[in-house]
Every structure is written in C-alpha cells, then in structure tokens.
Amino acid sequence: MTVVTRFAPSPTGFLHIGGGRTALFNWLYAKRHGGKMLLRIEDTDRERSTDAAIEAILDGLKWLGLDWDGDVVYQFSRAARHKEVAESLLAEGRAYYCYATPQELEEMRETARREGRPSRYDGRWRDRDPAEAPEGVKPVIRLKAPTEGETVVEDAVQGRVVWQNKDLDDLVLLRSDGTPTYMLAVVVDDHDMDVTHVIRGDDHLTNAARQTQIYKALGWDVPQMAHVPLIHGPDGAKLSKRHGALGVEAYRSLGYLPEALRNYLVRLGWSHGDQEIFSTEELIQAFDLSSIGRSPARFDFAKLENLNGHYMRQADDAYLVEAIEGLLPELGDERGLGRTFPPALKQKLVAAMPGLKERAKTLVELLDSAYYLYAQRPLKLDEKAQSLLGDGRARLDGIPAKLRAVTDWSAAGVEAVVREHAEAIGAKLGQVAQPLRAALTGRATSPGLFDVMAVLGKDETLSRLEDQLSNAPAA
RNA sequence: GCGCCCUUCGUCUAGCGGUCUAGGACGUUGCCCUUUCACGGCAAAAACACGGGUUCGAGUCCCGUAGGGCGCGCCA
C-alpha cells in the first residue's frame, strides 16, 4: 500500500508557522515512504474562505519548497458527495434529522454550563418521530453516535487515546442548508482520496475521536493518525501575531532562507539523536513519526537565526545575491536601490559575498552589510564609524598619496602599503585599519578591509577617502 | 465545568529501569585566533515540576498534586 498524506489548510488566513511545519511533516513522511502528499483546501466555510488566503497558502508552500502531488482539491466542490454520504447514513439509521434551533442549542449549552455539566447536545431528536418536526425549521443531520463503550484512537504520536462514548455527543454532519460540516467532509475526502496517514496538529485530537465514529458508522477503515503538538510563542502562550504566528511569507521578508526555516521547523517536535543540521536528503531518510515528541515547543528566533547564518555561510555566492535581489521589491526603496541590481553592482556583490556572508544572520543583514558597495558618495557614516574616524583621522595622513602610487591594486598589494604606513607612523595595524574602514564603508564592521578595497577599486577607494579626509571633523 | 494531552538546562532536545557524577544544540559568560565584526576553537554556568508508590535499583513504570495546552459550534 502506498503512503498517501495530505495537508489540509482552511483558507481563512495565511499559512502560519505551525501549518508550515505540519505541511513539512506530511511532505517528509510521504517522501520517506515513496508516497504522495496531497493538498486539499478546506473551504466549506463559505463566509470566511478567501481567494487571497488560498493564494497566500500556495505561495507559502512553494516558497518553503514543499510541493504536492496532483491537483489541489477544493473541498467545497465535493459538497454533493458529502451530502450523499450523510443521506446514506440517514437511510441506514446511523444518522437522524435534528430540528433543534440555534437558540435552543445555545440555551442547552448555557444551562449545562451553569449546572456544571458538560456542554453537549442532549440528543433530543435522536429517537423522536420526524412527524413531530416543527413547521418551517430546516433540520440538520446528526450522527447517531454510540452512547456506550469507548472510542479509541491509536495515534502514531500520542499513543492509544481513549474516550468514553458517553462524553461524546451527536455531531452535525450536514447543515440545514445542505452543506457538509468539516467533520463529515474530512472523513469523506480522506477516504475518497485514499489518504493513509493523517498528520496534523494536536488541536485535532478530539476531532480524531469524533471522526473515528463517523468512519465506523460508514464501515470505512480509519487512516493512521498522527497528532503533533502545537508550537507556542516564546512566552509559552498561544502563538500570536506578536511573535511566531506570522505567515511564512513574513519569514521570507525577514530574510530567512527556506532551507533554514525547514531545518528549524523540523527540529521543533522531532529529533534524530543529537543531529541538528540536516540536508533535505538526510531529512527524508531520517524522518519518522515515532520520533515526534508529545510536548509543545516554543518558537525561538535566536535559534532560527543561528541556523539561517549557517545556511547562508554554506550557500553559493550567486544564489545569495539572487536571494537578496528577491527582497528588493520590499526593501530596495528605503535603501536607495531599485527593484533589481544593476549588472555592475551584481558583480561586485558576488565578488564580496564570501566576506559578507560570514557576518550576516539574515538576508536583510546581508543586504545592509553590503551598503558600502551600493552607497552613493559621500558616504553617510553611522555612529560607530564616525567616532572611529574622528579618533583616527590623523593616522590616515599620507595614506591617499601612498595608495595612489599603487600599481598592483589587489588585496595583497594594498595590504602591503597600509601595513607599511602603520609601521612608519608607529601605529598598530588596527589603529590605521579601523578609521580607514570607517571612511570606506561607513561602518565599524565589514569584511576584511583589503578585500573591501580590492572590490571597490582604486578610483572609488581614493574618492571615498578624499570625501572623508577633506571634510573638517564635525564639531 | 467536562474530556483529552503535556511537564529534562532560559529555549529546542537526547534519554526508551542500571552505562546519568543527566549528553548535544541555540542563547549567555570567559579565553584563544584576529585589521573590525563575524566565523572557528576551548572552557564555564545552567535542567529531570512536586509528593507518594512499584523495584535490589526510577529522569525512565504507576497514582496523585500543581502548572500549562487543546477541545467542548449548523468554524475548520
């Protein structure tokens, strides 16, 4: 039997980080077993489903590098089939019409809560003659759930979980307008789509019990369930927009690489001994359901950043330039850049990338650290650079002339000149290099100074130096 | 309130009755390397929620307590 997993988001918002991890787990499990991962959009809530959300989810998955097999299934398009299944249950006496009105149900819940009883539907139409149906009320179809015994879910992550049937009420299968509820639709679709493994957040654990009852009533096999713990915010509370509950596209904007985010996400809940870094191939080889823990994890940006830095350092230089270029539509304007890099700048970026990528944790930092490559003269020095240059300006006297004389403008050639200069004025190299760096890059931090000068070229280097040295120090 | 789930360093986790003087990673601190910052290397501080059992022996099994989470819709 081939493994079939599915990712089934509801299009009421973007693809958040927890959904991204669920998709990743489904994807990995399918890949691991040479199976398929299907994508189903759970849009039976017509009020809240939007096309924008569908697009955001699809984009998010693509950006994360998680592809799905076959066409996207839109759940609502299968409503007729859902209805048919509900009616078949009705015909077999495993479901019944319920004429209770929303107000009635609301009262029922309130009373129950007030009296300290569990708030469940009381089954008032379960055995009642439909002939007693009130005028003008369109009924829903409810499942005639067992009232005795227990419902068991053998979960690949949670283990054996047992509910007493008396604690579970008769859920609605078909709404009064004839549309299916989520509970029915999932069961029918998973069955019809031959889904073998349902991997989802453990907020669905209770649903698993109710869905199991539907499967049983239908006489269908229950797929293997795997309910993975949720991801919490850094404070342990539910994920909110303030911390981790951003759409995955927000992580893209923040400058994270999809491979880094995947690696981070997979280790939230799943582990493989002491291994922290996984290539995609390694993940596919190692991933399993039994190594998923049962306790919730907190989202930690610091670790994500570390991982991202790791992947950036490893990445190909041209790839990184493409990646930051991809951020330009969002970040370019405020940095005086267009939507793409001019070819000349692109070349410089690639050339400088080995030194740049060592020092950045995100693509945004990478772009900013490359400031000296695209800055317009005269440079605007940041605070640290200003004070460095202020202190060391005197030690730069005579440097421009010596540099102007250089014929071999290479990192090594330039380094020799600067080292000589430092020696000549009795200063340590750092005492000369730092103010020089400030003047040339506008920052206190940059890649190796001589590499910077080499990439900048002789003319630009000298011009920038003159800009800064001819200016009287700011009072 | 009822049901279900969870609880090892600040965080992610290893641990599947003895090898745990509890390991790794991120973060933190110190040192080294060094033209800066990073990277890298070395070192340090840092955890089995609590209480009962079971057992020769418990982080590991059982039961409570406390704390946290999820669910309890004609939402998904």
# chains A, B, ... in the order shown; residues from 1 in each chain; ligands from 1
>>> select_by_dssp(residues="region 54-280 of chain A", states="strand (DSSP E)", output="number ranges by chain")
A: 73-74, 95-98, 140-143, 150-155, 159-164, 172-174, 197-201, 224-228, 231-232
>>> closest_atom_pairs(of="chain B", to="chain A", cutoff="10 Å", atoms="only C-alpha atoms (C1' of nucleotides)", output="CSV")
residue,atom,partner,partner_atom,distance
B:G1,C1',A:Gly116,CA,4.8
B:C2,C1',A:Pro118,CA,4.5
B:G3,C1',A:Asp167,CA,6.9
B:C4,C1',A:Thr206,CA,6.8
B:C5,C1',A:Arg294,CA,8.0
B:C6,C1',A:Ser295,CA,5.0
B:U7,C1',A:Ser295,CA,7.8
B:U11,C1',A:Asp300,CA,6.5
B:C12,C1',A:Leu268,CA,6.4
B:U13,C1',A:Ser271,CA,7.1
B:A14,C1',A:Gly273,CA,5.7
B:G15,C1',A:Gly273,CA,9.6
B:G23,C1',A:Asp274,CA,8.5
B:G24,C1',A:Asp274,CA,5.2
B:A25,C1',A:Glu276,CA,6.5
B:C26,C1',A:Lys303,CA,4.8
B:G27,C1',A:Ala302,CA,7.0
B:U34,C1',A:Gly430,CA,9.9
B:U35,C1',A:Gly430,CA,4.4
B:U36,C1',A:Thr445,CA,5.2
B:C37,C1',A:Thr445,CA,4.9
B:A38,C1',A:Arg359,CA,4.3
B:C39,C1',A:Glu358,CA,6.1
B:G68,C1',A:Gly236,CA,8.2
B:G69,C1',A:Pro296,CA,7.8
B:C70,C1',A:Asp203,CA,5.0
B:G71,C1',A:Thr206,CA,5.9
B:C72,C1',A:Ser119,CA,6.6
B:G73,C1',A:Val172,CA,9.5
B:C74,C1',A:Arg175,CA,4.7
B:C75,C1',A:Asp45,CA,7.1
B:A76,C1',A:Ser10,CA,6.2
>>> residues_around(residues="region 63-66 of chain B", least_positions_apart="4", cutoff="12 Å", atoms="only C-alpha atoms (C1' of nucleotides)", output="list in words")
U7, A49, C50, G51, G52, G53 and U54 of chain B
>>> residues_around(residues="region 28-37 of chain A", least_positions_apart="5", cutoff="6 Å", atoms="only C-alpha atoms (C1' of nucleotides)", output="PyMOL selection string")
chain A and resi 2-6+68-69+284
>>> residues_around(residues="Ser410 (chain A)", least_positions_apart="2", cutoff="12 Å", atoms="only C-alpha atoms (C1' of nucleotides)", output="list in words")
Leu403, Val406, Thr407, Asp408, Ala412, Gly413, Val414, Glu415, Ala416, Val417, Leu449, Phe450, Asp451, Val452, Met453, Ala454, Val455, Leu456, Gly457 and Lys458 of chain A
>>> atom_distance(atom1="CA of Asp59 (chain A)", atom2="CA of His227 (chain A)")
24.9 Å
>>> select_by_dssp(residues="region 222-413 of chain A", states="helix (DSSP H, G or I)", output="ChimeraX atom specification")
/A:248-253,258-266,280-286,301-314,317-331,333-335,343-356,363-369,371-374,383-396,399-404,411-413
>>> residues_around(residues="Ala209 (chain A)", least_positions_apart="6", cutoff="7 Å", atoms="only C-alpha atoms (C1' of nucleotides)", output="list in words")
Thr151, Val152 and Val153 of chain A
>>> residues_around(residues="Gly442 (chain A)", least_positions_apart="2", cutoff="12 Å", atoms="only C-alpha atoms (C1' of nucleotides)", output="number ranges by chain")
A: 368-389, 434-440, 444-446, 464-465, 467-468
